[in-house]
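J.: Structure incoming, see below.
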Amino acid sequence: MKSPRPSAPAHPSLVAKTSRVLVAGHTGLVGSAVHRALVGSGYSDLVTASIDDVDLTDQAATRSLLRTTRPEAVVLAAARVGGILANFRHPYAFVHDNLAIELNIVSEAFDAGVRRLIFLGSSCIYPRLAPQPLKEEYLLTGLLEETNRPYAVAKIAGIELCRSLNREFGTDYLCAMPTNLYGPGDNFDLATSHVLPAMIRKFHDAKANGNEPVQLWGTGTPRREFLHVDDLARALVFLLESVSTATLPEGMINIGTGKDVSIRELSELVQRIVGHTGPIEWDPAKPDGTPRKLLDVGLLRALGWTPSFTLEEGIRTTYEWYRTATAPRCAGGAPGRHATER
């Protein structure tokens, strides 16, 4: 599989390889991939802090981290994340913790003199019934999807925080909106995971139990776009080095593949990759979520970046990682506070 070869920027890199870069949320799905990508790109002065070291919902602790380490750039990949079930069960935690993390990191980074920051949002910021594919300018043009509104509102607040600093103080805080993410290191806990890792877990367990039926939520008709987390990480390094918010009309940019599949098609693909041969049973009494979420990635492609993984390749590598590394250790629990999405 070939890695993407983005067009070289026409100007010097906005962030030098010798710069100190803070990766907030480096133990999560996105943060760990970003850390790998930065190391692979030649960055050697990376700052990380686990939740055991720094609670990013604590302003004083976050201030101490930023003022002690003095990074020149920040990638904010820390968040409380989860699927429909987790969002339904813990709405207060999703809005509270994400607002706290965003406010603490962004404001303390600004006070510490950080001029370059990438904030990770989510495709759920867009209106539930917005035209497809979703363009950056569709933000705040309609009602949000009810099942993850608290999370979406928190992410929208983070975008506005960055935009306001850029407009008032001339910072270069870029907001990146990834589509649904997956990959090695994902969360496979059925109580808190997103749709794709949940499917992998369900089909794997059902196969191990004699190919028993797999029960899935909704009708299977909604359409979703999926991006491998290593592709996202490479895109973020590209943006960090090459793209200023001054060149982005909305101060934000979508990151995705530009292709989607129905949830039913996704289930059949996962089932085939896992090797499960039993029936699939759909429960239409459970929510479907947003009918369709496909990002318009024309702006990113015009800048010279495209993903490398096909969906089938990505699911195969993810399932192999799950099967060999984590399947025996999966267990239920509450959503991770600083795990990373989507």
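Going through the structure tokens in order, the chains are called A, B, and so on, while each chain numbers its residues from 1 and the ligands are numbered from 1 in the order shown.
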According to DSSP computed on the backbone, where in stretch 208-268 of chain A is there strand (DSSP E)? Give the residues as a ChimeraX atom specification.
T.: /A:214-217,223-224,226-228,252-255,261-262
J.: Taking C-alpha atoms for each residue, export the selection above as a compact mmCIF listing (two decimals), in the first residue's frame.
T.:
```
# COMPACT_ATOMS: atom_id res chain seq x y z
CA VAL A 214 -25.67 -10.57 15.29
CA GLN A 215 -28.11 -7.90 16.41
CA LEU A 216 -27.56 -4.37 15.11
CA TRP A 217 -29.33 -1.09 15.86
CA ARG A 223 -24.94 6.28 5.21
CA ARG A 224 -21.57 6.97 6.81
CA PHE A 226 -15.05 6.23 7.39
CA LEU A 227 -11.41 7.33 7.54
CA HIS A 228 -8.49 5.27 8.83
CA MET A 252 -11.73 25.11 9.38
CA ILE A 253 -11.31 22.19 7.00
CA ASN A 254 -12.98 18.80 6.51
CA ILE A 255 -10.89 15.61 6.52
CA VAL A 261 -21.52 3.38 2.54
CA SER A 262 -24.80 2.40 4.13
```
J.: So which residues touch stretch 35-46 of chain A within 12 Å, counting only C-alpha atoms, skipping near sequence neighbours fewer than 3 positions away, as a PDB file with C-alpha atoms, in the first residue's frame?
T.:
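Generated output (part_3.pdb):
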```pdb
ATOM      1  CA  SER A   3       1.477   6.321   1.336  1.00  0.00           C
ATOM      2  CA  VAL A  15       6.156  24.405  11.991  1.00  0.00           C
ATOM      3  CA  ALA A  16       9.800  23.323  11.945  1.00  0.00           C
ATOM      4  CA  LYS A  17      10.834  19.720  12.662  1.00  0.00           C
ATOM      5  CA  THR A  18      12.777  21.038  15.655  1.00  0.00           C
ATOM      6  CA  SER A  19       9.693  22.731  17.156  1.00  0.00           C
ATOM      7  CA  ARG A  20       8.316  21.537  20.460  1.00  0.00           C
ATOM      8  CA  VAL A  21       4.832  20.137  19.800  1.00  0.00           C
ATOM      9  CA  LEU A  22       2.299  19.191  22.468  1.00  0.00           C
ATOM     10  CA  VAL A  23      -0.010  16.301  21.523  1.00  0.00           C
ATOM     11  CA  ALA A  24      -2.957  16.550  23.918  1.00  0.00           C
ATOM     12  CA  GLY A  25      -4.697  13.181  24.177  1.00  0.00           C
ATOM     13  CA  HIS A  26      -1.752  11.106  22.958  1.00  0.00           C
ATOM     14  CA  THR A  27      -3.061   7.852  24.477  1.00  0.00           C
ATOM     15  CA  GLY A  28      -6.331   7.961  22.500  1.00  0.00           C
ATOM     16  CA  LEU A  29      -7.058   6.648  19.020  1.00  0.00           C
ATOM     17  CA  VAL A  30      -6.302   9.934  17.247  1.00  0.00           C
ATOM     18  CA  GLY A  31      -3.631  11.242  19.584  1.00  0.00           C
ATOM     19  CA  SER A  32      -1.545   8.081  19.420  1.00  0.00           C
ATOM     20  CA  ALA A  49       0.943  13.839  29.290  1.00  0.00           C
ATOM     21  CA  THR A  69       6.632  22.798  28.728  1.00  0.00           C
ATOM     22  CA  ARG A  70       6.196  25.945  26.566  1.00  0.00           C
ATOM     23  CA  PRO A  71       5.312  24.216  23.267  1.00  0.00           C
ATOM     24  CA  GLU A  72       5.470  26.116  19.993  1.00  0.00           C
ATOM     25  CA  ALA A  73       2.520  24.191  18.538  1.00  0.00           C
ATOM     26  CA  VAL A  74      -0.357  22.119  19.928  1.00  0.00           C
ATOM     27  CA  VAL A  75      -2.516  19.363  18.459  1.00  0.00           C
ATOM     28  CA  LEU A  76      -5.687  19.097  20.553  1.00  0.00           C
ATOM     29  CA  ALA A  77      -6.849  15.496  20.143  1.00  0.00           C
ATOM     30  CA  VAL A 229      -6.896   7.048  11.786  1.00  0.00           C
ATOM     31  CA  ASP A 230      -3.394   6.857  10.276  1.00  0.00           C
ATOM     32  CA  ASP A 231      -4.678   8.708   7.221  1.00  0.00           C
ATOM     33  CA  LEU A 232      -6.106  11.373   9.526  1.00  0.00           C
ATOM     34  CA  ALA A 233      -2.785  11.665  11.362  1.00  0.00           C
ATOM     35  CA  ARG A 234      -0.895  12.177   8.110  1.00  0.00           C
ATOM     36  CA  ALA A 235      -3.410  14.814   7.069  1.00  0.00           C
ATOM     37  CA  LEU A 236      -2.945  16.660  10.363  1.00  0.00           C
ATOM     38  CA  VAL A 237       0.840  16.731   9.982  1.00  0.00           C
ATOM     39  CA  PHE A 238       0.347  18.050   6.444  1.00  0.00           C
ATOM     40  CA  LEU A 239      -1.979  20.786   7.723  1.00  0.00           C
ATOM     41  CA  LEU A 240       0.287  21.649  10.641  1.00  0.00           C
ATOM     42  CA  GLU A 241       3.215  22.234   8.322  1.00  0.00           C
TER      43      GLU A 241
END
```
J.: With the cut-off set at 12 Å and counting only C-alpha atoms, tabulate each residue of stretch 77-105 of chain A with an atom at most that distance from an atom of stretch 280-289 of chain A, showing the nearest atom pair and its distance in Å to one decimal, ordered by chain and increasing number, as a tab-separated table.
T.:
```
residue	atom	partner	partner_atom	distance
A:Gly83	CA	A:Gly289	CA	10.2
A:Ile84	CA	A:Gly289	CA	7.7
A:Leu85	CA	A:Pro287	CA	9.6
A:Asn87	CA	A:Gly289	CA	11.4
A:Phe88	CA	A:Pro287	CA	10.6
```
J.: Rank A:Gly256, A:Gly185, A:Gly113, A:Pro133 by their smallest atom-to-atom distance to A:Asp296, using only C-alpha atoms, and report the top residue only.
T.: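 Closest residue, counting only C-alpha atoms: A:Pro133.
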J.: A:His90: which residues within 12 Å, counting only C-alpha atoms, same-chain residues fewer than 3 positions away excluded, as a short mmCIF file (atom, residue, chain, number, x, y, z; two decimals) with N, CA and C atoms, in the first residue's frame?
T.:
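The resulting file, out30.cif, is shown below:
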```cif
data_model
loop_
_atom_site.label_atom_id
_atom_site.label_comp_id
_atom_site.auth_asym_id
_atom_site.auth_seq_id
_atom_site.Cartn_x
_atom_site.Cartn_y
_atom_site.Cartn_z
N ARG A 80 -13.71 13.57 25.34
CA ARG A 80 -14.56 12.45 25.77
C ARG A 80 -15.40 12.07 24.57
N VAL A 81 -15.32 10.81 24.15
CA VAL A 81 -16.00 10.38 22.94
C VAL A 81 -16.76 9.08 23.17
N GLY A 82 -17.65 8.75 22.23
CA GLY A 82 -18.39 7.50 22.31
C GLY A 82 -19.47 7.45 21.24
N GLY A 83 -20.12 6.32 21.14
CA GLY A 83 -21.17 6.14 20.15
C GLY A 83 -22.53 6.62 20.64
N ILE A 84 -23.58 6.22 19.92
CA ILE A 84 -24.94 6.68 20.25
C ILE A 84 -25.32 6.31 21.67
N LEU A 85 -25.02 5.08 22.10
CA LEU A 85 -25.42 4.63 23.44
C LEU A 85 -24.73 5.45 24.52
N ALA A 86 -23.43 5.67 24.38
CA ALA A 86 -22.69 6.45 25.38
C ALA A 86 -23.18 7.89 25.42
N ASN A 87 -23.45 8.48 24.26
CA ASN A 87 -23.96 9.85 24.22
C ASN A 87 -25.33 9.94 24.88
N ALA A 93 -21.83 14.56 30.82
CA ALA A 93 -20.38 14.33 30.79
C ALA A 93 -19.81 14.72 29.43
N PHE A 94 -20.54 14.43 28.36
CA PHE A 94 -20.02 14.72 27.02
C PHE A 94 -19.92 16.22 26.77
N VAL A 95 -20.90 16.99 27.22
CA VAL A 95 -20.81 18.43 27.01
C VAL A 95 -19.86 19.07 28.02
N HIS A 96 -19.92 18.66 29.27
CA HIS A 96 -19.09 19.26 30.32
C HIS A 96 -17.60 19.02 30.08
N ASP A 97 -17.22 17.76 29.92
CA ASP A 97 -15.80 17.43 29.82
C ASP A 97 -15.17 18.01 28.55
N THR A 147 -29.22 12.77 18.95
CA THR A 147 -28.53 11.72 19.71
C THR A 147 -27.13 12.11 20.16
N ASN A 148 -26.50 13.10 19.50
CA ASN A 148 -25.18 13.53 19.97
C ASN A 148 -25.06 15.05 20.05
N ARG A 149 -26.18 15.71 20.30
CA ARG A 149 -26.20 17.17 20.37
C ARG A 149 -25.25 17.74 21.44
N PRO A 150 -25.21 17.19 22.67
CA PRO A 150 -24.29 17.76 23.66
C PRO A 150 -22.84 17.76 23.21
N TYR A 151 -22.41 16.66 22.59
CA TYR A 151 -21.04 16.56 22.09
C TYR A 151 -20.81 17.56 20.96
N ALA A 191 -20.42 -0.84 25.07
CA ALA A 191 -21.22 0.19 25.73
C ALA A 191 -20.81 1.60 25.31
N THR A 192 -19.62 1.77 24.76
CA THR A 192 -19.12 3.12 24.50
C THR A 192 -18.54 3.31 23.11
N ALA A 334 -17.43 2.67 31.59
CA ALA A 334 -17.85 4.01 31.23
C ALA A 334 -16.94 4.56 30.14
N PRO A 335 -17.41 5.56 29.39
CA PRO A 335 -16.59 6.11 28.31
C PRO A 335 -15.32 6.73 28.84
N GLY A 336 -14.21 6.52 28.12
CA GLY A 336 -12.94 7.06 28.55
C GLY A 336 -12.93 8.57 28.46
N ARG A 337 -12.37 9.23 29.45
CA ARG A 337 -12.46 10.67 29.53
C ARG A 337 -11.64 11.36 28.45
#
```
J.: Residues within 6 Å of stretch 159-174 of chain A, please, as number ranges by chain. Count only C-alpha atoms; anything in the same chain fewer than 4 positions from it doesn't count.
T.: A: 115-118, 245, 251-252
J.: Okay, now the selection with N, CA and C atoms, as a PDB file, in the first residue's frame?
T.:
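Saved to selection-v3.pdb:
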```
ATOM      1  N   ARG A 115       1.255  30.068  19.101  1.00  0.00           N
ATOM      2  CA  ARG A 115       0.626  30.741  17.970  1.00  0.00           C
ATOM      3  C   ARG A 115       0.025  29.773  16.961  1.00  0.00           C
ATOM      4  N   ARG A 116       0.385  28.501  17.052  1.00  0.00           N
ATOM      5  CA  ARG A 116      -0.057  27.502  16.061  1.00  0.00           C
ATOM      6  C   ARG A 116      -0.712  26.337  16.785  1.00  0.00           C
ATOM      7  N   LEU A 117      -1.992  26.053  16.479  1.00  0.00           N
ATOM      8  CA  LEU A 117      -2.747  25.002  17.154  1.00  0.00           C
ATOM      9  C   LEU A 117      -3.707  24.373  16.169  1.00  0.00           C
ATOM     10  N   ILE A 118      -3.898  23.056  16.279  1.00  0.00           N
ATOM     11  CA  ILE A 118      -4.936  22.365  15.513  1.00  0.00           C
ATOM     12  C   ILE A 118      -5.945  21.786  16.493  1.00  0.00           C
ATOM     13  N   THR A 245      -4.611  29.252   8.647  1.00  0.00           N
ATOM     14  CA  THR A 245      -6.040  29.580   8.674  1.00  0.00           C
ATOM     15  C   THR A 245      -6.342  30.781   7.786  1.00  0.00           C
ATOM     16  N   GLY A 251     -11.829  29.148   8.479  1.00  0.00           N
ATOM     17  CA  GLY A 251     -10.890  28.813   9.546  1.00  0.00           C
ATOM     18  C   GLY A 251     -10.933  27.347   9.923  1.00  0.00           C
ATOM     19  N   MET A 252     -11.590  26.538   9.086  1.00  0.00           N
ATOM     20  CA  MET A 252     -11.733  25.112   9.377  1.00  0.00           C
ATOM     21  C   MET A 252     -11.693  24.323   8.079  1.00  0.00           C
TER      22      MET A 252
END
```
J.: Grab the atom CA of A:Met199 to atom CA of A:Gln271 distance for me, in Å with one decimal place.
T.: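 Calculated distance between atom CA of A:Met199 and atom CA of A:Gln271 is 8.2 Å.
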J.: I need the residue nearest A:Ser267 from this list: A:Glu108, A:Glu145, A:Asp186, A:Glu312. Use only C-alpha atoms for the distance.
T.: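 Selected residue with least distance to A:Ser267: A:Glu312.
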J.: What separation in Å, quoted to one decimal, exists between atom CA of A:Leu303 and atom CA of A:Ala109?
T.: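 Going from atom CA of A:Leu303 over to atom CA of A:Ala109, I get 27.1 Å.
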J.: Excluding A:Leu269 and residues on its chain fewer than 3 positions from it, collect all residues at most 10 Å away from it, counting only C-alpha atoms, and give them as a ChimeraX atom specification.
T.: /A:263-266,272-275,311-312,315-316
J.: Can you work out the spacing between atom CA of A:Leu56 and atom CA of A:Leu120 in Å, to one decimal?
T.: 15.1 Å
J.: Would you please give, as a ChimeraX atom specification, all residues of stretch 92-139 of chain A that DSSP assigns to helix (DSSP H, G or I) based on the backbone?
T.: /A:92-111,123-125,136-138
J.: Grab the residues selected above and save them as a compact mmCIF listing (two decimals), in the first residue's frame with N, CA and C atoms.
T.:
```txt
# COMPACT_ATOMS: atom_id res chain seq x y z
N TYR A 92 -24.49 14.87 29.95
CA TYR A 92 -23.83 15.92 30.73
C TYR A 92 -22.32 15.77 30.67
N ALA A 93 -21.83 14.56 30.82
CA ALA A 93 -20.38 14.33 30.79
C ALA A 93 -19.81 14.72 29.43
N PHE A 94 -20.54 14.43 28.36
CA PHE A 94 -20.02 14.72 27.02
C PHE A 94 -19.92 16.22 26.77
N VAL A 95 -20.90 16.99 27.22
CA VAL A 95 -20.81 18.43 27.01
C VAL A 95 -19.86 19.07 28.02
N HIS A 96 -19.92 18.66 29.27
CA HIS A 96 -19.09 19.26 30.32
C HIS A 96 -17.60 19.02 30.08
N ASP A 97 -17.22 17.76 29.92
CA ASP A 97 -15.80 17.43 29.82
C ASP A 97 -15.17 18.01 28.55
N ASN A 98 -15.91 17.97 27.44
CA ASN A 98 -15.34 18.50 26.21
C ASN A 98 -15.22 20.02 26.25
N LEU A 99 -16.20 20.69 26.82
CA LEU A 99 -16.07 22.14 26.99
C LEU A 99 -14.88 22.48 27.87
N ALA A 100 -14.71 21.74 28.97
CA ALA A 100 -13.61 22.02 29.89
C ALA A 100 -12.25 21.80 29.23
N ILE A 101 -12.09 20.67 28.53
CA ILE A 101 -10.82 20.37 27.87
C ILE A 101 -10.48 21.43 26.83
N GLU A 102 -11.46 21.79 26.01
CA GLU A 102 -11.23 22.77 24.95
C GLU A 102 -10.85 24.14 25.53
N LEU A 103 -11.63 24.60 26.50
CA LEU A 103 -11.37 25.91 27.08
C LEU A 103 -10.00 25.94 27.75
N ASN A 104 -9.68 24.90 28.50
CA ASN A 104 -8.40 24.87 29.20
C ASN A 104 -7.22 24.84 28.25
N ILE A 105 -7.24 23.91 27.29
CA ILE A 105 -6.09 23.79 26.38
C ILE A 105 -5.95 25.02 25.50
N VAL A 106 -7.03 25.46 24.87
CA VAL A 106 -6.94 26.57 23.93
C VAL A 106 -6.56 27.87 24.64
N SER A 107 -7.24 28.18 25.74
CA SER A 107 -6.95 29.44 26.43
C SER A 107 -5.58 29.44 27.08
N GLU A 108 -5.18 28.32 27.68
CA GLU A 108 -3.86 28.27 28.32
C GLU A 108 -2.75 28.22 27.28
N ALA A 109 -3.00 27.63 26.13
CA ALA A 109 -2.01 27.67 25.05
C ALA A 109 -1.82 29.11 24.57
N PHE A 110 -2.91 29.82 24.42
CA PHE A 110 -2.82 31.23 24.01
C PHE A 110 -2.05 32.05 25.03
N ASP A 111 -2.38 31.87 26.31
CA ASP A 111 -1.69 32.62 27.36
C ASP A 111 -0.21 32.26 27.44
N SER A 123 -17.50 15.55 12.47
CA SER A 123 -18.51 15.76 11.43
C SER A 123 -19.90 15.96 12.01
N CYS A 124 -20.09 15.62 13.29
CA CYS A 124 -21.42 15.77 13.90
C CYS A 124 -21.75 17.23 14.20
N ILE A 125 -20.83 18.16 13.93
CA ILE A 125 -21.12 19.58 14.15
C ILE A 125 -22.11 20.11 13.12
N GLU A 136 -17.86 23.09 4.63
CA GLU A 136 -17.47 23.79 5.85
C GLU A 136 -18.44 24.93 6.19
N GLU A 137 -18.98 25.59 5.17
CA GLU A 137 -19.85 26.74 5.43
C GLU A 137 -21.25 26.35 5.92
N TYR A 138 -21.55 25.04 6.00
CA TYR A 138 -22.87 24.62 6.49
C TYR A 138 -22.98 24.67 8.01
```
J.: Go through A:Glu212, A:Pro91, A:Ala176, A:Phe203 one by one, measure the shortest atom-to-atom distance of each to A:Val153 using only C-alpha atoms, and give the residue with the smallest value.
T.: A:Pro91
J.: I'd like to know which of A:Ala325, A:Thr141, A:Lys207, A:Asn180 is closest to A:His194, using only C-alpha atoms.
T.: A:Asn180
